[in-house]
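Below: work_5.cif (mmCIF, C-alpha atoms)
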data_coords
#
loop_
_atom_site.label_atom_id
_atom_site.label_comp_id
_atom_site.auth_asym_id
_atom_site.auth_seq_id
_atom_site.Cartn_x
_atom_site.Cartn_y
_atom_site.Cartn_z
CA MET A 1 71.97 78.59 -41.66
CA ILE A 2 69.27 79.73 -39.22
CA ARG A 3 67.40 83.04 -39.18
CA LEU A 4 66.49 83.96 -35.59
CA ALA A 5 63.89 86.74 -35.54
CA PHE A 6 62.72 89.07 -32.77
CA ARG A 7 59.47 91.01 -33.34
CA ALA A 8 58.96 94.08 -31.14
CA PRO A 9 56.54 97.02 -30.91
CA ALA A 10 57.91 99.74 -33.19
CA ALA A 11 57.86 102.32 -30.38
CA GLN A 12 60.34 100.21 -28.37
CA ALA A 13 62.43 98.92 -31.24
CA GLU A 14 65.52 100.98 -30.37
CA LEU A 15 65.79 99.36 -26.94
CA VAL A 16 65.63 95.89 -28.48
CA LEU A 17 68.18 96.73 -31.16
CA ALA A 18 70.67 98.08 -28.63
CA ALA A 19 70.40 94.87 -26.59
CA LEU A 20 70.69 92.59 -29.63
CA ILE A 21 73.82 94.25 -30.99
CA GLU A 22 75.50 93.53 -27.66
CA VAL A 23 74.98 89.78 -28.17
CA ALA A 24 75.18 89.74 -31.98
CA PRO A 25 78.02 92.10 -32.98
CA SER A 26 78.19 90.65 -36.49
CA GLY A 27 75.06 92.58 -37.41
CA VAL A 28 71.29 92.64 -37.19
CA GLU A 29 68.77 92.77 -40.03
CA GLN A 30 65.84 95.16 -39.53
CA VAL A 31 62.44 94.87 -41.19
CA ASP A 32 59.83 97.53 -40.37
CA GLY A 33 56.14 96.67 -40.45
CA ASP A 34 52.82 98.17 -39.39
CA GLY A 35 53.39 99.07 -35.76
CA VAL A 36 56.08 96.41 -35.33
CA THR A 37 59.76 96.03 -36.11
CA GLU A 38 61.44 92.68 -36.68
CA PHE A 39 65.13 92.18 -36.05
CA ALA A 40 66.93 89.06 -37.24
CA VAL A 41 70.36 87.50 -36.81
CA TYR A 42 71.81 84.71 -38.92
CA GLY A 43 74.14 81.88 -38.06
CA ALA A 44 74.69 78.16 -37.81
CA PRO A 45 73.01 76.21 -35.00
CA GLY A 46 74.96 76.80 -31.80
CA GLU A 47 76.35 80.14 -32.97
CA LEU A 48 73.23 82.22 -32.32
CA PRO A 49 72.08 83.85 -29.08
CA SER A 50 70.15 81.37 -26.92
CA TYR A 51 66.48 82.40 -26.90
CA PRO A 52 63.52 79.99 -26.90
CA GLU A 53 60.76 80.48 -29.42
CA GLY A 54 57.74 82.40 -28.18
CA GLU A 55 57.77 85.34 -25.78
CA ALA A 56 61.04 86.65 -24.39
CA GLU A 57 62.28 89.85 -22.80
CA ILE A 58 65.10 91.74 -24.52
CA GLY A 59 66.25 95.15 -23.37
CA GLY A 60 63.29 95.30 -21.02
CA VAL A 61 60.83 94.79 -23.91
CA VAL A 62 58.62 91.74 -24.46
CA VAL A 63 59.24 90.39 -27.98
CA GLN A 64 58.14 87.41 -30.06
CA VAL A 65 61.00 85.08 -30.99
CA SER A 66 60.93 82.72 -33.97
CA GLY A 67 63.51 80.73 -35.89
CA ARG A 68 63.64 79.12 -39.31
CA GLU A 69 66.13 77.66 -41.73
CA VAL A 70 67.39 79.98 -44.46
CA PRO A 71 66.80 78.89 -48.10
CA ASP A 72 69.77 77.60 -50.08
CA ASP A 73 69.82 80.74 -52.25
CA TRP A 74 70.62 82.96 -49.24
CA GLY A 75 74.03 83.76 -50.74
CA GLU A 76 72.27 85.76 -53.45
CA ARG A 77 69.31 87.02 -51.43
CA TRP A 78 71.70 88.44 -48.80
CA LYS A 79 73.05 90.89 -51.36
CA ARG A 80 69.71 92.71 -51.48
CA PHE A 81 70.41 94.17 -48.05
CA HIS A 82 73.69 95.85 -49.14
CA ARG A 83 73.23 98.83 -51.41
CA PRO A 84 75.56 101.67 -52.42
CA VAL A 85 75.47 104.88 -50.38
CA LEU A 86 76.76 108.36 -51.27
CA ILE A 87 77.94 110.37 -48.26
CA ALA A 88 77.71 114.17 -48.56
CA GLY A 89 78.36 113.88 -52.28
CA GLN A 90 81.99 112.97 -51.58
CA ILE A 91 82.32 109.34 -50.46
CA TYR A 92 80.66 106.50 -52.35
CA VAL A 93 80.54 103.16 -50.52
CA ARG A 94 79.41 100.16 -52.53
CA PRO A 95 79.54 96.36 -52.38
CA PRO A 96 81.66 94.73 -55.11
CA TRP A 97 78.63 93.51 -57.04
CA GLU A 98 77.36 97.07 -57.64
CA ALA A 99 78.64 99.36 -60.40
CA PRO A 100 81.28 102.06 -59.70
CA ALA A 101 80.12 105.61 -59.10
CA LEU A 102 82.04 107.05 -62.06
CA ARG A 103 81.74 110.55 -60.59
CA PRO A 104 84.53 113.14 -60.49
CA ASN A 105 85.96 114.13 -57.09
CA VAL A 106 84.24 111.25 -55.31
CA THR A 107 86.22 108.86 -53.10
CA GLU A 108 85.01 105.33 -53.80
CA ILE A 109 85.21 102.55 -51.23
CA VAL A 110 84.35 98.96 -52.12
CA ILE A 111 83.24 96.90 -49.12
CA ASP A 112 82.40 93.21 -48.95
CA PRO A 113 81.44 92.65 -45.31
CA GLY A 114 81.97 88.90 -45.36
CA GLN A 115 80.97 87.80 -41.85
CA ALA A 116 81.86 91.16 -40.27
CA PHE A 117 79.51 93.96 -39.32
CA GLY A 118 79.45 97.12 -41.41
CA THR A 119 78.94 98.03 -45.06
CA GLY A 120 78.74 101.81 -44.76
CA THR A 121 74.99 101.81 -45.28
CA HIS A 122 74.01 101.77 -41.61
CA ALA A 123 73.26 105.22 -40.20
CA THR A 124 76.00 104.96 -37.57
CA THR A 125 78.72 104.35 -40.17
CA ALA A 126 77.37 106.92 -42.62
CA LEU A 127 77.32 109.58 -39.89
CA CYS A 128 80.93 108.82 -38.99
CA LEU A 129 81.97 109.21 -42.62
CA GLU A 130 80.13 112.52 -42.83
CA LEU A 131 81.90 113.82 -39.72
CA MET A 132 85.26 112.68 -41.10
CA LEU A 133 84.70 114.95 -44.08
CA ASP A 134 84.63 117.93 -41.70
CA LEU A 135 88.27 117.28 -40.73
CA LYS A 136 91.50 118.13 -42.48
CA PRO A 137 92.91 114.74 -43.56
CA ARG A 138 96.24 114.81 -41.78
CA GLY A 139 97.82 113.03 -38.85
CA SER A 140 97.29 109.55 -37.47
CA PHE A 141 93.89 107.85 -37.39
CA ALA A 142 92.54 104.92 -35.37
CA ASP A 143 89.32 103.03 -36.10
CA LEU A 144 88.07 101.31 -32.93
CA GLY A 145 85.78 98.37 -33.66
CA CYS A 146 86.63 98.43 -37.37
CA GLY A 147 84.10 95.79 -38.47
CA SER A 148 84.63 95.43 -42.21
CA GLY A 149 87.12 98.34 -42.31
CA VAL A 150 84.97 101.08 -43.82
CA LEU A 151 86.23 103.96 -41.66
CA ALA A 152 89.89 102.91 -41.69
CA ILE A 153 89.90 102.53 -45.47
CA ALA A 154 88.14 105.87 -45.89
CA ALA A 155 90.72 107.52 -43.62
CA ALA A 156 93.59 106.09 -45.65
CA LYS A 157 92.04 107.16 -48.95
CA LEU A 158 91.25 110.66 -47.66
CA GLY A 159 94.87 111.22 -46.63
CA PHE A 160 95.20 110.37 -42.92
CA GLY A 161 98.23 108.39 -41.90
CA PRO A 162 99.34 106.23 -40.31
CA VAL A 163 96.00 104.45 -39.97
CA THR A 164 95.23 101.72 -37.42
CA ALA A 165 92.16 99.47 -37.33
CA ILE A 166 91.32 97.37 -34.27
CA ASP A 167 88.60 94.84 -33.54
CA ALA A 168 88.09 91.90 -31.18
CA GLU A 169 86.45 89.70 -33.82
CA ARG A 170 88.59 87.47 -36.06
CA GLN A 171 86.03 87.86 -38.88
CA ALA A 172 86.46 91.63 -38.71
CA ILE A 173 90.24 91.38 -39.01
CA GLU A 174 89.92 89.11 -42.04
CA ALA A 175 87.28 91.30 -43.69
CA THR A 176 89.23 94.51 -43.09
CA ARG A 177 92.39 93.00 -44.55
CA ALA A 178 90.56 91.76 -47.67
CA ASN A 179 88.74 95.06 -48.14
CA ALA A 180 91.94 97.06 -47.69
CA LEU A 181 93.57 95.10 -50.49
CA ALA A 182 90.48 95.47 -52.70
CA ASN A 183 90.71 99.24 -52.28
CA GLY A 184 94.41 99.51 -53.07
CA VAL A 185 95.36 100.00 -49.43
CA SER A 186 98.25 97.80 -48.40
CA PRO A 187 98.00 96.05 -45.01
CA ALA A 188 101.22 95.22 -43.19
CA ALA A 189 102.45 91.67 -42.63
CA THR A 190 100.12 89.27 -40.84
CA GLY A 191 101.23 87.96 -37.45
CA PRO A 192 100.42 84.56 -35.86
CA ASP A 193 97.44 86.07 -33.97
CA HIS A 194 95.89 87.31 -37.24
CA SER A 195 96.88 90.90 -36.49
CA ILE A 196 98.61 92.85 -39.20
CA ARG A 197 101.60 94.86 -38.13
CA GLY A 198 104.59 96.54 -39.67
CA THR A 199 105.64 99.71 -41.39
CA TYR A 200 103.12 101.97 -43.05
CA ALA A 201 104.52 101.57 -46.54
CA LEU A 202 102.86 103.34 -49.40
CA LEU A 203 100.96 101.60 -52.14
CA GLY A 204 100.84 104.32 -54.73
CA ARG A 205 99.78 107.37 -52.71
CA ILE A 206 97.53 105.55 -50.25
CA PRO A 207 99.04 104.66 -46.84
CA ALA A 208 98.77 101.16 -45.50
CA ILE A 209 96.53 100.20 -42.60
CA GLY A 210 97.85 98.52 -39.48
CA ILE A 211 95.18 96.02 -38.46
CA GLU A 212 95.18 94.65 -34.92
CA ARG A 213 93.02 92.21 -33.04
CA GLY A 214 92.43 93.61 -29.57
CA ASP A 215 89.98 93.69 -26.68
CA LEU A 216 88.72 97.23 -26.11
CA ARG A 217 87.04 96.12 -22.88
CA GLY A 218 90.25 94.91 -21.28
CA ALA A 219 92.99 97.30 -22.38
CA PRO A 220 93.27 100.98 -23.34
CA ALA A 221 92.50 101.68 -26.98
CA PRO A 222 95.37 102.88 -29.17
CA LYS A 223 95.67 106.63 -29.38
CA ALA A 224 95.91 108.71 -32.52
CA ASP A 225 95.41 112.31 -33.61
CA VAL A 226 91.92 111.34 -34.76
CA VAL A 227 90.03 108.38 -33.31
CA ALA A 228 86.73 107.03 -34.63
CA ALA A 229 84.77 104.74 -32.30
CA ASN A 230 81.59 103.36 -33.86
CA LEU A 231 80.62 101.23 -30.86
CA MET A 232 77.68 100.72 -28.55
CA ARG A 233 77.17 102.86 -25.44
CA PRO A 234 78.54 100.37 -22.85
CA LEU A 235 81.76 99.83 -24.78
CA LEU A 236 82.21 103.55 -25.45
CA LEU A 237 81.94 104.23 -21.72
CA ARG A 238 84.52 101.51 -21.08
CA VAL A 239 86.90 103.02 -23.65
CA ALA A 240 86.58 106.40 -21.91
CA GLU A 241 87.29 104.78 -18.53
CA LEU A 242 90.39 102.91 -19.73
CA TRP A 243 91.90 106.03 -21.29
CA ASN A 244 92.36 107.34 -17.72
CA GLY A 245 91.73 110.96 -18.54
CA GLU A 246 93.94 111.03 -21.65
CA ARG A 247 92.08 111.81 -24.83
CA PRO A 248 92.94 112.07 -28.53
CA THR A 249 92.95 115.48 -30.19
CA THR A 250 89.76 114.67 -32.11
CA LEU A 251 87.25 111.93 -31.42
CA ILE A 252 84.28 110.72 -33.47
CA VAL A 253 81.84 108.54 -31.53
CA SER A 254 78.84 106.78 -32.98
CA GLY A 255 76.72 103.69 -32.43
CA LEU A 256 74.59 105.76 -30.08
CA LEU A 257 70.85 106.00 -29.81
CA ASP A 258 69.82 109.65 -29.69
CA HIS A 259 69.05 109.60 -25.96
CA GLU A 260 72.51 108.16 -25.14
CA ALA A 261 74.56 110.90 -26.80
CA ASP A 262 74.75 113.37 -23.90
CA GLU A 263 75.97 110.74 -21.43
CA VAL A 264 78.71 109.50 -23.74
CA ALA A 265 79.84 113.02 -24.64
CA ALA A 266 80.26 113.80 -20.94
CA ALA A 267 82.32 110.64 -20.41
CA PHE A 268 85.00 111.90 -22.80
CA ALA A 269 85.49 115.30 -21.12
CA PRO A 270 87.50 117.50 -21.33
CA LEU A 271 86.84 117.01 -25.03
CA GLY A 272 83.90 119.20 -26.00
CA GLU A 273 81.16 118.58 -28.51
CA ARG A 274 81.82 120.35 -31.80
CA LYS A 275 79.10 118.79 -33.95
CA ARG A 276 76.26 116.31 -33.63
CA LEU A 277 74.51 114.45 -36.44
CA SER A 278 71.41 112.31 -36.14
CA SER A 279 69.67 109.88 -38.49
CA LEU A 280 66.98 107.23 -37.96
CA GLY A 281 67.27 107.46 -34.19
CA TRP A 282 71.07 107.19 -34.15
CA SER A 283 73.56 109.92 -33.24
CA ALA A 284 77.24 110.58 -33.96
CA LEU A 285 79.37 113.20 -32.23
CA LEU A 286 82.50 115.10 -33.17
CA LEU A 287 84.45 115.86 -29.99
CA ALA A 288 87.62 117.96 -29.81
#

Now, as a test, write the supplied structure out as structure tokens.
Amino acid sequence: MIRLAFRAPAAQAELVLAALIEVAPSGVEQVDGDGVTEFAVYGAPGELPSYPEGEAEIGGVVVQVSGREVPDDWGERWKRFHRPVLIAGQIYVRPPWEAPALRPNVTEIVIDPGQAFGTGTHATTALCLELMLDLKPRGSFADLGCGSGVLAIAAAKLGFGPVTAIDAERQAIEATRANALANGVSPAATGPDHSIRGTYALLGRIPAIGIERGDLRGAPAPKADVVAANLMRPLLLRVAELWNGERPTTLIVSGLLDHEADEVAAAFAPLGERKRLSSLGWSALLLA
């Protein structure tokens, strides 16, 4: 396992992060220092973005690139980066190695990201969850770019249904399926392309999640009463283009740097902005 690091001036860190997520959708580690921010991606040799060590330009910013092998105990050290998070006092997202919340009237979601991006702790995911709590949990729900399945599982547990999760990455499909089962949400039968299709049977009172592997850049995204799209700006604009003027009743968009929010909101007209949340330089919008 190799850790490939990119050190950038803190004032330009957002530009570098946006560019890195485009080439490393499985996730980026962030370490803030004195006037600098270091981003890192992990992978086996040949799996990582191709950047030589030394100076490089990413997102229009000159950064310092370095690589090193990860110690053998990475499997345990990695867990330090995934901590529980409580959203608006109502949704508690935790990795399986952390203790349950044990709080009344709190929806608990257990997420093991595996090799997929998303644990609920990143600002973009947390903002989506907070906006979901503003909605009445009824009608169909689609999670575009589901990652490890946080938003789809939350939707199912809150009472939306049927729920669909879609992602282009095989690791995301596998992680979402495993996390759905861990949370008492029943996925439908797995097809030969690793998608999960079928009826939305009930497991107890929680609806199942239909999990599909799909390319949001090449085909229109599935429609639902409520759609959550925690994606980067270029892909959000592509989703808006492929919908050809048709829009869901309610749309939550995130994965946006603060200065990108107005452009993306306009792309989804005639939906209008109902609420905007911001945290750590990231924005999420509720459009309806």

key: Distance query region 246-259 of chain A at most 7 Å, only C-alpha atoms, self and fewer than 5 positions along chain excluded, as JSON, numbers by chain   = {"A": [124, 128, 223, 224, 225, 226, 227, 228, 229, 230, 231, 232, 233, 281, 282, 283, 284, 285, 286, 287, 288]}

key: Resolved residues for the PyMOL selection byres ((chain A and resi 83-88) around 10) as JSON, numbers by chain   = {"A": [79, 80, 81, 82, 89, 90, 91, 92, 93, 94, 95, 96, 97, 98, 99, 100, 101, 106, 107, 108, 109, 110, 111, 119, 120, 121, 122, 126, 127, 128, 129, 130, 131, 133]}

key: Spatial neighbours of Leu242 (chain A), max dist 12 Å, only C-alpha atoms, sep filter under 4 positions, as a list in words   = Asp215, Leu216, Arg217, Gly218, Ala219, Pro220, Ala221, Pro222, Lys223, Leu235, Leu236, Leu237, Arg238, Glu246, Arg247, Ala267 and Phe268 of chain A

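Interatomic distance, CA of Pro162 (chain A) against CA of Thr176 (chain A): 15.7 Å.
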
query = What lies within 12 Å of Gly214 (chain A) using only C-alpha atoms, ignoring chain neighbours under 6 positions off, as a list in words?
reply =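 Contacts, with the query itself left out: Asp143, Leu144, Gly145, Cys146, Thr164, Ala165, Ile166, Asp167, Ala168, Glu169, Arg170, Ala172, Ile173, Asp193, His194, Ser195, Ile196, Pro220, Ala221 and Pro222 of chain A.
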
Please, could you write that set of residues out with C-alpha atoms as a short mmCIF file (atom, residue, chain, number, x, y, z; two decimals), in the frame of the given file?
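Generated file (selection_2.cif):
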data_model
loop_
_atom_site.label_atom_id
_atom_site.label_comp_id
_atom_site.auth_asym_id
_atom_site.auth_seq_id
_atom_site.Cartn_x
_atom_site.Cartn_y
_atom_site.Cartn_z
CA ASP A 143 89.32 103.03 -36.10
CA LEU A 144 88.07 101.31 -32.93
CA GLY A 145 85.78 98.37 -33.66
CA CYS A 146 86.63 98.43 -37.37
CA THR A 164 95.23 101.72 -37.42
CA ALA A 165 92.16 99.47 -37.33
CA ILE A 166 91.32 97.37 -34.27
CA ASP A 167 88.60 94.84 -33.54
CA ALA A 168 88.09 91.90 -31.18
CA GLU A 169 86.45 89.70 -33.82
CA ARG A 170 88.59 87.47 -36.06
CA ALA A 172 86.46 91.63 -38.71
CA ILE A 173 90.24 91.38 -39.01
CA ASP A 193 97.44 86.07 -33.97
CA HIS A 194 95.89 87.31 -37.24
CA SER A 195 96.88 90.90 -36.49
CA ILE A 196 98.61 92.85 -39.20
CA PRO A 220 93.27 100.98 -23.34
CA ALA A 221 92.50 101.68 -26.98
CA PRO A 222 95.37 102.88 -29.17
#

ask   = Closest to Ile58 (chain A) among A:Glu260, A:Asp32, A:Asp112, A:Glu14, using all atoms listed in the file?
value = A:Glu14

Missing atoms of region 173-185 of chain A rebuilt to N, CA, C and O atoms, written as a short mmCIF file (atom, residue, chain, number, x, y, z; two decimals), in the frame of the given file:
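Written output follows (part28.cif):
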data_model
loop_
_atom_site.label_atom_id
_atom_site.label_comp_id
_atom_site.auth_asym_id
_atom_site.auth_seq_id
_atom_site.Cartn_x
_atom_site.Cartn_y
_atom_site.Cartn_z
N ILE A 173 88.85 91.24 -38.58
CA ILE A 173 90.24 91.38 -39.01
C ILE A 173 90.39 90.85 -40.43
O ILE A 173 91.02 91.49 -41.29
N GLU A 174 89.81 89.69 -40.70
CA GLU A 174 89.92 89.11 -42.04
C GLU A 174 89.21 89.96 -43.08
O GLU A 174 89.72 90.18 -44.19
N ALA A 175 88.02 90.48 -42.74
CA ALA A 175 87.28 91.30 -43.69
C ALA A 175 87.99 92.62 -43.95
O ALA A 175 88.05 93.09 -45.10
N THR A 176 88.53 93.24 -42.90
CA THR A 176 89.23 94.51 -43.09
C THR A 176 90.46 94.32 -43.95
O THR A 176 90.76 95.15 -44.83
N ARG A 177 91.20 93.26 -43.73
CA ARG A 177 92.39 93.00 -44.55
C ARG A 177 92.01 92.82 -46.02
O ARG A 177 92.61 93.41 -46.91
N ALA A 178 90.98 92.00 -46.29
CA ALA A 178 90.56 91.76 -47.67
C ALA A 178 90.05 93.04 -48.31
O ALA A 178 90.36 93.33 -49.48
N ASN A 179 89.27 93.83 -47.58
CA ASN A 179 88.74 95.06 -48.14
C ASN A 179 89.82 96.10 -48.36
O ASN A 179 89.76 96.89 -49.32
N ALA A 180 90.83 96.14 -47.48
CA ALA A 180 91.94 97.06 -47.69
C ALA A 180 92.64 96.75 -49.01
O ALA A 180 92.91 97.65 -49.82
N LEU A 181 92.91 95.49 -49.25
CA LEU A 181 93.57 95.10 -50.49
C LEU A 181 92.70 95.42 -51.71
O LEU A 181 93.20 95.88 -52.73
N ALA A 182 91.39 95.19 -51.59
CA ALA A 182 90.48 95.47 -52.70
C ALA A 182 90.43 96.95 -53.04
O ALA A 182 90.08 97.32 -54.16
N ASN A 183 90.76 97.80 -52.07
CA ASN A 183 90.71 99.24 -52.28
C ASN A 183 92.09 99.85 -52.55
O ASN A 183 92.26 101.07 -52.51
N GLY A 184 93.08 99.00 -52.78
CA GLY A 184 94.41 99.51 -53.07
C GLY A 184 95.14 100.03 -51.86
O GLY A 184 96.08 100.81 -51.98
N VAL A 185 94.70 99.60 -50.67
CA VAL A 185 95.36 100.00 -49.43
C VAL A 185 96.13 98.79 -48.93
O VAL A 185 95.55 97.72 -48.73
#
